[in-house]
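File shown: coords12.txt (compact mmCIF, C-alpha atoms).
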```txt
# COMPACT_ATOMS: atom_id res chain seq x y z
CA MET A 1 -39.29 -112.12 -48.18
CA THR A 2 -41.67 -114.49 -49.89
CA ILE A 3 -44.84 -113.63 -51.78
CA LEU A 4 -46.80 -115.65 -49.20
CA ARG A 5 -45.41 -113.53 -46.40
CA THR A 6 -46.41 -110.38 -48.30
CA ILE A 7 -49.99 -111.59 -48.66
CA LEU A 8 -50.27 -112.80 -45.07
CA TRP A 9 -48.84 -109.52 -43.73
CA THR A 10 -51.42 -107.55 -45.68
CA ILE A 11 -54.35 -109.74 -44.69
CA CYS A 12 -53.32 -109.55 -41.05
CA LEU A 13 -53.26 -105.76 -41.03
CA MET A 14 -56.42 -105.24 -43.05
CA GLY A 15 -58.35 -107.80 -41.04
CA SER A 16 -57.39 -106.59 -37.60
CA VAL A 17 -58.90 -103.91 -35.39
CA VAL A 18 -56.30 -101.19 -35.06
CA VAL A 19 -56.38 -99.06 -31.95
CA CYS A 20 -54.94 -95.62 -32.52
CA THR A 21 -52.04 -94.85 -30.19
CA ASN A 22 -52.63 -91.10 -30.40
CA ALA A 23 -55.31 -89.80 -28.07
CA GLN A 24 -55.91 -86.67 -30.13
CA ASP A 25 -59.08 -86.23 -32.17
CA THR A 26 -57.10 -85.27 -35.28
CA LEU A 27 -54.10 -87.09 -36.72
CA THR A 28 -51.50 -85.45 -38.96
CA TYR A 29 -49.68 -87.25 -41.78
CA ALA A 30 -46.78 -85.75 -43.73
CA PHE A 31 -45.80 -86.80 -47.25
CA PHE A 32 -42.22 -86.07 -48.33
CA GLY A 33 -41.14 -86.89 -51.87
CA HIS A 34 -37.62 -87.08 -53.33
CA PRO A 35 -35.95 -85.72 -50.18
CA TYR A 36 -32.35 -86.80 -50.71
CA GLN A 37 -29.61 -84.26 -50.04
CA GLY A 38 -26.77 -85.87 -51.94
CA ASP A 39 -23.47 -86.72 -50.26
CA PRO A 40 -20.51 -89.06 -50.89
CA ASP A 41 -22.13 -91.90 -48.94
CA GLY A 42 -25.53 -91.36 -50.54
CA LYS A 43 -27.44 -91.45 -47.27
CA LYS A 44 -28.29 -87.87 -46.36
CA VAL A 45 -31.81 -86.47 -46.52
CA ASP A 46 -32.58 -82.79 -47.00
CA PHE A 47 -30.99 -80.84 -44.14
CA ARG A 48 -34.35 -79.31 -43.21
CA LEU A 49 -35.92 -82.76 -42.74
CA GLU A 50 -32.86 -83.89 -40.82
CA ALA A 51 -33.41 -81.09 -38.30
CA MET A 52 -37.21 -81.38 -38.21
CA ASP A 53 -39.12 -82.71 -35.21
CA MET A 54 -40.85 -85.71 -36.78
CA SER A 55 -42.82 -86.36 -33.60
CA GLN A 56 -45.20 -83.58 -34.67
CA PHE A 57 -46.61 -86.04 -37.23
CA ASP A 58 -48.67 -89.12 -36.44
CA GLY A 59 -47.66 -90.66 -39.75
CA ILE A 60 -44.74 -90.12 -42.13
CA TRP A 61 -45.21 -91.04 -45.79
CA LEU A 62 -42.05 -91.17 -47.89
CA GLY A 63 -42.37 -90.84 -51.66
CA GLY A 64 -39.10 -92.51 -52.56
CA ASP A 65 -35.52 -91.49 -53.37
CA VAL A 66 -35.08 -90.86 -49.68
CA GLY A 67 -31.32 -91.18 -50.02
CA SER A 68 -29.40 -90.84 -53.26
CA GLU A 69 -28.00 -94.32 -52.50
CA ALA A 70 -30.27 -95.35 -49.65
CA ALA A 71 -29.30 -99.02 -49.52
CA LEU A 72 -25.68 -98.75 -50.58
CA LYS A 73 -24.51 -99.30 -47.01
CA TYR A 74 -26.22 -100.80 -43.98
CA THR A 75 -25.32 -97.66 -42.04
CA ASN A 76 -27.30 -95.57 -44.55
CA LEU A 77 -30.46 -97.36 -43.47
CA GLN A 78 -29.53 -97.02 -39.82
CA TYR A 79 -29.35 -93.27 -40.39
CA LEU A 80 -32.75 -93.18 -42.17
CA ASP A 81 -34.27 -95.28 -39.40
CA SER A 82 -33.04 -92.82 -36.80
CA LEU A 83 -34.96 -90.06 -38.59
CA PHE A 84 -38.14 -91.76 -39.74
CA ASP A 85 -38.60 -94.77 -37.43
CA LEU A 86 -38.93 -97.07 -40.42
CA ASP A 87 -40.70 -99.95 -38.68
CA ASN A 88 -43.39 -97.70 -37.19
CA PRO A 89 -46.74 -98.92 -38.61
CA MET A 90 -47.56 -95.31 -39.49
CA THR A 91 -44.36 -94.79 -41.51
CA HIS A 92 -44.82 -95.75 -45.16
CA TRP A 93 -41.98 -95.77 -47.71
CA ALA A 94 -42.72 -96.13 -51.43
CA LEU A 95 -39.33 -97.16 -52.78
CA GLY A 96 -37.72 -95.11 -55.53
CA ASN A 97 -35.01 -96.02 -58.01
CA HIS A 98 -32.34 -94.37 -55.84
CA ASP A 99 -33.50 -96.46 -52.89
CA THR A 100 -33.11 -99.82 -54.63
CA ARG A 101 -30.55 -99.48 -57.39
CA ASN A 102 -27.81 -100.92 -55.19
CA GLY A 103 -29.92 -103.94 -54.32
CA ASN A 104 -29.90 -104.95 -50.65
CA LEU A 105 -33.71 -104.99 -50.52
CA GLU A 106 -33.44 -107.43 -47.63
CA TRP A 107 -31.83 -104.67 -45.56
CA ILE A 108 -34.73 -102.31 -46.29
CA GLU A 109 -37.23 -105.01 -45.34
CA GLU A 110 -35.27 -105.69 -42.16
CA PHE A 111 -35.64 -102.08 -41.07
CA THR A 112 -39.24 -101.56 -42.20
CA GLU A 113 -40.35 -105.05 -41.12
CA ARG A 114 -42.54 -105.02 -44.23
CA PRO A 115 -42.31 -106.12 -47.85
CA SER A 116 -41.76 -103.53 -50.57
CA PHE A 117 -45.51 -103.44 -51.36
CA TYR A 118 -48.36 -103.88 -48.91
CA ALA A 119 -51.62 -102.46 -47.60
CA TYR A 120 -52.20 -100.98 -44.16
CA SER A 121 -55.60 -100.01 -42.73
CA ALA A 122 -56.45 -98.05 -39.59
CA ASN A 123 -59.10 -95.57 -38.50
CA GLY A 124 -61.01 -95.63 -41.79
CA LEU A 125 -57.88 -94.97 -43.85
CA THR A 126 -56.24 -97.58 -46.08
CA VAL A 127 -52.76 -96.95 -47.48
CA VAL A 128 -51.47 -99.09 -50.35
CA VAL A 129 -47.72 -98.79 -50.86
CA LEU A 130 -46.61 -99.76 -54.36
CA ASP A 131 -43.14 -100.73 -55.51
CA GLY A 132 -42.70 -99.23 -58.98
CA ASN A 133 -39.32 -100.89 -59.36
CA ILE A 134 -40.82 -104.35 -59.97
CA THR A 135 -40.71 -105.36 -63.63
CA PRO A 136 -41.94 -108.34 -65.70
CA LEU A 137 -38.54 -109.91 -65.05
CA ASP A 138 -40.21 -110.99 -61.80
CA CYS A 139 -43.75 -111.82 -62.88
CA GLU A 140 -44.57 -113.63 -59.64
CA LYS A 141 -43.89 -110.53 -57.57
CA LEU A 142 -45.46 -108.15 -60.10
CA ASN A 143 -48.64 -110.23 -60.27
CA ALA A 144 -48.77 -110.44 -56.47
CA GLN A 145 -48.65 -106.65 -56.24
CA TYR A 146 -51.47 -106.34 -58.78
CA ASN A 147 -53.53 -108.95 -56.94
CA LEU A 148 -53.07 -106.96 -53.74
CA VAL A 149 -54.36 -103.80 -55.46
CA LYS A 150 -57.31 -105.69 -56.90
CA SER A 151 -58.18 -107.26 -53.56
CA VAL A 152 -58.13 -103.93 -51.75
CA CYS A 153 -60.13 -102.10 -54.42
CA ASP A 154 -62.68 -104.91 -54.70
CA THR A 155 -63.35 -105.15 -50.97
CA ILE A 156 -63.06 -101.64 -49.50
CA GLN A 157 -66.51 -100.22 -48.85
CA SER A 158 -65.96 -96.82 -47.25
CA GLY A 159 -63.43 -94.34 -45.97
CA HIS A 160 -60.25 -93.25 -47.70
CA LEU A 161 -57.92 -95.19 -49.98
CA VAL A 162 -54.45 -93.75 -50.58
CA PHE A 163 -51.94 -95.18 -53.06
CA LEU A 164 -48.31 -94.19 -52.56
CA ILE A 165 -45.75 -94.67 -55.34
CA HIS A 166 -42.51 -93.05 -56.40
CA HIS A 167 -42.67 -93.51 -60.17
CA GLY A 168 -44.75 -91.67 -62.75
CA ILE A 169 -46.97 -94.57 -63.81
CA ALA A 170 -50.28 -92.67 -64.05
CA ILE A 171 -50.20 -92.08 -67.81
CA ASP A 172 -53.29 -91.26 -69.92
CA VAL A 173 -55.64 -90.98 -66.96
CA PRO A 174 -58.81 -89.22 -68.19
CA GLY A 175 -58.68 -85.57 -67.18
CA VAL A 176 -55.22 -85.73 -65.61
CA SER A 177 -51.93 -84.47 -67.07
CA ASN A 178 -49.23 -87.05 -67.75
CA PRO A 179 -46.39 -87.19 -65.21
CA ILE A 180 -43.83 -85.84 -67.68
CA THR A 181 -45.44 -82.42 -67.19
CA TYR A 182 -44.81 -82.31 -63.42
CA ALA A 183 -42.36 -85.11 -62.55
CA HIS A 184 -38.75 -85.97 -63.25
CA ASN A 185 -39.84 -88.61 -65.75
CA GLU A 186 -42.71 -90.93 -66.59
CA ALA A 187 -42.67 -94.71 -66.75
CA GLN A 188 -44.11 -95.15 -70.23
CA ASN A 189 -43.39 -98.88 -70.37
CA TRP A 190 -44.46 -99.72 -66.84
CA MET A 191 -46.61 -102.85 -66.52
CA ALA A 192 -48.99 -103.66 -63.68
CA HIS A 193 -48.95 -107.44 -64.22
CA CYS A 194 -47.95 -110.25 -66.59
CA TYR A 195 -51.38 -111.77 -67.15
CA HIS A 196 -52.15 -110.21 -70.55
CA ASP A 197 -51.27 -107.28 -72.79
CA SER A 198 -53.70 -104.79 -71.20
CA SER A 199 -51.36 -104.17 -68.30
CA SER A 200 -50.82 -100.41 -68.33
CA TYR A 201 -51.82 -98.43 -65.26
CA THR A 202 -54.80 -96.86 -67.01
CA LYS A 203 -56.13 -100.18 -68.32
CA SER A 204 -55.50 -102.28 -65.23
CA ILE A 205 -55.22 -100.35 -61.95
CA TYR A 206 -57.18 -97.18 -62.68
CA PRO A 207 -60.48 -99.03 -63.37
CA LEU A 208 -60.15 -100.75 -59.99
CA MET A 209 -59.71 -97.38 -58.30
CA VAL A 210 -62.74 -96.00 -60.12
CA ASN A 211 -64.86 -98.92 -58.93
CA ALA A 212 -63.89 -98.13 -55.34
CA LYS A 213 -64.64 -94.45 -55.92
CA GLN A 214 -68.10 -95.30 -57.25
CA ARG A 215 -68.87 -97.08 -53.97
CA GLY A 216 -68.20 -93.84 -52.11
CA VAL A 217 -64.55 -94.35 -51.18
CA ASN A 218 -62.28 -91.31 -51.45
CA VAL A 219 -59.36 -92.41 -53.62
CA PHE A 220 -55.95 -90.70 -53.85
CA HIS A 221 -52.88 -91.48 -55.95
CA ILE A 222 -49.76 -89.77 -54.57
CA MET A 223 -46.43 -89.70 -56.41
CA GLY A 224 -43.03 -88.74 -55.02
CA ASP A 225 -40.69 -88.42 -58.01
CA THR A 226 -40.79 -84.65 -58.33
CA GLY A 227 -39.25 -81.62 -56.67
CA SER A 228 -36.21 -80.58 -58.69
CA TRP A 229 -38.19 -78.26 -60.97
CA TYR A 230 -41.90 -78.78 -60.26
CA LYS A 231 -42.75 -78.75 -56.59
CA SER A 232 -46.38 -79.79 -56.41
CA PHE A 233 -49.23 -81.14 -58.49
CA HIS A 234 -52.94 -81.75 -58.00
CA GLU A 235 -55.61 -82.71 -60.49
CA THR A 236 -58.77 -84.81 -60.26
CA SER A 237 -59.67 -87.35 -62.91
CA VAL A 238 -63.04 -87.28 -64.67
CA ASP A 239 -64.02 -90.18 -62.41
CA GLY A 240 -63.14 -88.35 -59.20
CA VAL A 241 -59.80 -89.94 -58.31
CA GLU A 242 -57.43 -87.32 -56.88
CA TYR A 243 -53.83 -87.19 -58.12
CA LEU A 244 -51.17 -85.50 -56.00
CA ALA A 245 -47.42 -85.10 -56.19
CA ALA A 246 -44.89 -83.20 -54.12
CA GLY A 247 -41.16 -83.29 -53.73
CA LEU A 248 -37.99 -81.68 -52.46
CA GLY A 249 -34.96 -80.73 -54.47
CA ASN A 250 -33.62 -77.45 -53.15
CA GLY A 251 -31.33 -79.05 -50.59
CA TYR A 252 -29.44 -80.81 -53.37
CA ARG A 253 -29.50 -77.70 -55.55
CA LEU A 254 -28.12 -75.50 -52.80
CA GLN A 255 -25.30 -77.96 -52.27
CA THR A 256 -24.42 -78.09 -55.97
CA GLY A 257 -24.94 -74.38 -56.71
CA GLN A 258 -27.89 -74.87 -59.07
CA THR A 259 -30.85 -72.57 -59.65
CA ILE A 260 -33.70 -72.61 -57.12
CA TYR A 261 -37.02 -72.44 -58.97
CA ALA A 262 -39.58 -72.43 -56.14
CA ALA A 263 -40.00 -73.40 -52.52
CA ASP A 264 -40.02 -77.10 -51.61
CA VAL A 265 -43.29 -78.41 -50.23
CA ALA A 266 -44.74 -81.37 -48.38
CA ILE A 267 -48.31 -82.61 -48.43
CA ILE A 268 -49.86 -82.40 -44.98
CA PHE A 269 -52.99 -84.42 -44.27
CA LYS A 270 -55.35 -83.82 -41.36
CA HIS A 271 -57.47 -86.79 -40.35
CA VAL A 272 -60.41 -86.05 -38.03
CA LEU A 273 -61.23 -89.36 -36.42
CA ALA A 274 -64.69 -88.46 -35.11
CA ASN A 275 -66.17 -88.17 -38.61
CA ASN A 276 -63.32 -89.75 -40.64
CA GLN A 277 -62.72 -86.50 -42.51
CA LEU A 278 -59.43 -86.31 -44.42
CA THR A 279 -58.17 -82.98 -45.74
CA TRP A 280 -54.82 -81.98 -47.19
CA SER A 281 -52.72 -78.98 -48.17
CA PHE A 282 -49.34 -78.19 -49.69
CA VAL A 283 -47.09 -76.69 -47.01
CA GLU A 284 -43.64 -75.20 -47.54
CA ILE A 285 -40.92 -77.19 -45.83
CA ASN A 286 -39.62 -74.09 -44.11
CA ASP A 287 -43.02 -73.63 -42.42
CA LEU A 288 -43.07 -77.06 -40.76
```

Using structure tokens, write down the structure that the file contains.
Amino acid sequence: MTILRTILWTICLMGSVVVCTNAQDTLTYAFFGHPYQGDPDGKKVDFRLEAMDMSQFDGIWLGGDVGSEAALKYTNLQYLDSLFDLDNPMTHWALGNHDTRNGNLEWIEEFTERPSFYAYSANGLTVVVLDGNITPLDCEKLNAQYNLVKSVCDTIQSGHLVFLIHHGIAIDVPGVSNPITYAHNEAQNWMAHCYHDSSSYTKSIYPLMVNAKQRGVNVFHIMGDTGSWYKSFHETSVDGVEYLAAGLGNGYRLQTGQTIYAADVAIIFKHVLANNQLTWSFVEINDL
């Protein structure tokens, strides 16, 4: 997958008129973070998701660590595809460290038919999927991801802008707790680009999000690397950007005999197309 293909794929989607395939007035999107079950092959998702009717959702947003070793085997991705329909334009997967640590990114891109970072726009909602695994060891790819973010934030004029990422990169955001307080870890040394030293999330990406917010766009940053101890998180920055996190962990804990701290939750979004209203709520997995 070349950088050029990434850019062309994004431009094509954002520049096209997307006709919704669901005739309903309200669409439902479900965000699931950290849903792996844990098994010898590293492919299984939480048993409750495995049994869930995913057709009840118009969009499925995956917050990463979908399998404990998601790309270890080709058959692992076949299994995930059977559950989440990975190449569906309304399925978005922000890759986690467990998803990519065995390499085989080309397999993931084969199933999703998308690069590991991209933007998708439909019905007044733009979703930017970020790959937090990219490091300055690949400056070309890292810079391309940043340029994508900048392009989207600089050009979007209305509606809703949702960023999906697995990793805890949102550090020192004004008015928002650092990820270490609600996530499994925080990426203290994460860099958004290789252009200059001011490459932290707060100095590089957050100002772009604020600019979009000041034009009247509703901006969300959603993180998936949580769920083992802390189940959900929501705070709004002083500039009005909303930060959300949710994850699953009880399936793995039940299997390994560990303590259950609280119920696992998903984030469920309701999108009313007539007025482009987007609302959300934390919903316990057992209630879906």

Each side padded by 5 Å, which centre and which edge lengths in Å (one decimal) define the axis-aligned box around the listed atoms of range 223-228 of chain A? Give them as AutoDock Vina command-line options.
```
--center_x -41.3 --center_y -85.1 --center_z -56.9 --size_x 20.2 --size_y 19.1 --size_z 13.7
```

Counting only C-alpha atoms, the residue of A:Ala192, A:His92, A:Ile171, A:Ser121 that sits nearest Cys139 in chain A: A:Ala192

Best match for closeness to Pro115 in chain A among A:Lys43, A:His34, A:Arg101, A:Lys141, counting all atoms listed in the file: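 Distance minimum relative to Pro115 in chain A lands on A:Lys141.
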
Residue among A:Leu208, A:Ala119, A:Asp172, A:Asn189 lying closest to Asp154 in chain A, counting only C-alpha atoms: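 For Asp154 in chain A, the nearest of the candidates is A:Leu208.
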
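Proximity to Leu142 in chain A was assessed for A:His271, A:Lys73, A:His160, A:His193 counting all atoms listed in the file; the smallest distance is recorded for A:His193.
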
Local residues around (-50.0, -87.1, -53.0), at most 10 Å away, using all atoms listed in the file, as an NGL selection string: :A and (30-33 or 61 or 63 or 162-165 or 220-224 or 232-234 or 242-247 or 266-269 or 280-282)

Spatial neighbours of Ser116 in chain A, max dist 8 Å, only C-alpha atoms, sep filter under 6 positions, as a VMD selection string: chain A and resid 94 to 95 109 129 to 131

Include C-alpha atoms and write out the residues we just selected as a PDB file, in the frame of the given file.
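Result file out_29.pdb:
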```pdb
ATOM      1  CA  ALA A  94     -42.720 -96.130 -51.430  1.00  0.00           C
ATOM      2  CA  LEU A  95     -39.330 -97.160 -52.780  1.00  0.00           C
ATOM      3  CA  GLU A 109     -37.230-105.010 -45.340  1.00  0.00           C
ATOM      4  CA  VAL A 129     -47.720 -98.790 -50.860  1.00  0.00           C
ATOM      5  CA  LEU A 130     -46.610 -99.760 -54.360  1.00  0.00           C
ATOM      6  CA  ASP A 131     -43.140-100.730 -55.510  1.00  0.00           C
TER       7      ASP A 131
END
```

Please extract range 131-143 of chain A and write it out with all heavy atoms, as a tab-separated table (two decimals), in the first residue's frame.
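So decode_20.tsv came out as:
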```
chain	number	residue	atom	x	y	z
A	131	ASP	N	-3.60	5.57	12.74
A	131	ASP	CA	-2.77	4.42	13.08
A	131	ASP	C	-1.70	4.89	14.07
A	131	ASP	O	-0.71	5.49	13.67
A	131	ASP	CB	-2.13	3.85	11.82
A	131	ASP	CG	-1.31	2.60	12.08
A	131	ASP	OD1	-1.10	2.25	13.27
A	131	ASP	OD2	-0.84	1.97	11.11
A	132	GLY	N	-1.92	4.62	15.34
A	132	GLY	CA	-0.97	5.05	16.37
A	132	GLY	C	0.29	4.24	16.43
A	132	GLY	O	1.20	4.56	17.20
A	133	ASN	N	0.37	3.19	15.61
A	133	ASN	CA	1.56	2.34	15.59
A	133	ASN	C	2.69	2.93	14.74
A	133	ASN	O	3.83	2.46	14.83
A	133	ASN	CB	1.21	0.96	15.05
A	133	ASN	CG	0.16	0.25	15.87
A	133	ASN	OD1	0.41	-0.20	16.97
A	133	ASN	ND2	-1.06	0.16	15.33
A	134	ILE	N	2.39	3.92	13.92
A	134	ILE	CA	3.41	4.50	13.03
A	134	ILE	C	4.37	5.34	13.86
A	134	ILE	O	3.95	6.16	14.69
A	134	ILE	CB	2.77	5.35	11.93
A	134	ILE	CG1	1.72	4.55	11.17
A	134	ILE	CG2	3.84	5.85	10.96
A	134	ILE	CD1	0.91	5.38	10.20
A	135	THR	N	5.66	5.18	13.64
A	135	THR	CA	6.68	5.89	14.39
A	135	THR	C	7.58	6.67	13.42
A	135	THR	O	7.49	6.50	12.20
A	135	THR	CB	7.56	4.91	15.19
A	135	THR	OG1	8.43	4.22	14.28
A	135	THR	CG2	6.70	3.91	15.95
A	136	PRO	N	8.47	7.53	13.96
A	136	PRO	CA	9.41	8.25	13.09
A	136	PRO	C	10.40	7.35	12.35
A	136	PRO	O	11.17	7.85	11.53
A	136	PRO	CB	10.14	9.17	14.09
A	136	PRO	CG	9.18	9.37	15.20
A	136	PRO	CD	8.47	8.06	15.34
A	137	LEU	N	10.37	6.06	12.61
A	137	LEU	CA	11.16	5.15	11.78
A	137	LEU	C	10.63	5.10	10.35
A	137	LEU	O	11.33	4.66	9.44
A	137	LEU	CB	11.15	3.74	12.40
A	137	LEU	CG	11.86	3.59	13.75
A	137	LEU	CD1	11.66	2.19	14.29
A	137	LEU	CD2	13.34	3.92	13.63
A	138	ASP	N	9.40	5.54	10.18
A	138	ASP	CA	8.80	5.65	8.85
A	138	ASP	C	8.23	7.05	8.71
A	138	ASP	O	7.01	7.27	8.78
A	138	ASP	CB	7.71	4.60	8.67
A	138	ASP	CG	7.20	4.50	7.22
A	138	ASP	OD1	7.51	5.42	6.43
A	138	ASP	OD2	6.50	3.53	6.91
A	139	CYS	N	9.11	8.03	8.52
A	139	CYS	CA	8.68	9.43	8.47
A	139	CYS	C	7.74	9.71	7.30
A	139	CYS	O	6.83	10.53	7.42
A	139	CYS	CB	9.90	10.35	8.38
A	139	CYS	SG	10.68	10.69	9.98
A	140	GLU	N	7.94	9.03	6.18
A	140	GLU	CA	7.07	9.27	5.03
A	140	GLU	C	5.62	8.95	5.38
A	140	GLU	O	4.70	9.74	5.10
A	140	GLU	CB	7.53	8.44	3.84
A	140	GLU	CG	6.68	8.67	2.59
A	140	GLU	CD	7.08	7.79	1.42
A	140	GLU	OE1	7.91	6.87	1.62
A	140	GLU	OE2	6.55	8.00	0.32
A	141	LYS	N	5.42	7.82	6.00
A	141	LYS	CA	4.06	7.41	6.36
A	141	LYS	C	3.51	8.27	7.49
A	141	LYS	O	2.33	8.66	7.48
A	141	LYS	CB	4.06	5.93	6.75
A	141	LYS	CG	2.68	5.30	6.81
A	141	LYS	CD	2.79	3.79	6.98
A	141	LYS	CE	1.43	3.13	6.94
A	141	LYS	NZ	1.54	1.65	7.10
A	142	LEU	N	4.35	8.57	8.48
A	142	LEU	CA	3.90	9.39	9.61
A	142	LEU	C	3.50	10.78	9.13
A	142	LEU	O	2.46	11.32	9.55
A	142	LEU	CB	5.02	9.49	10.65
A	142	LEU	CG	4.64	10.13	11.99
A	142	LEU	CD1	3.58	9.32	12.72
A	142	LEU	CD2	5.88	10.27	12.87
A	143	ASN	N	4.31	11.38	8.26
A	143	ASN	CA	3.99	12.70	7.73
A	143	ASN	C	2.72	12.67	6.88
A	143	ASN	O	1.92	13.62	6.89
A	143	ASN	CB	5.16	13.24	6.91
A	143	ASN	CG	6.35	13.62	7.77
A	143	ASN	OD1	6.24	13.74	8.99
A	143	ASN	ND2	7.49	13.81	7.14
```
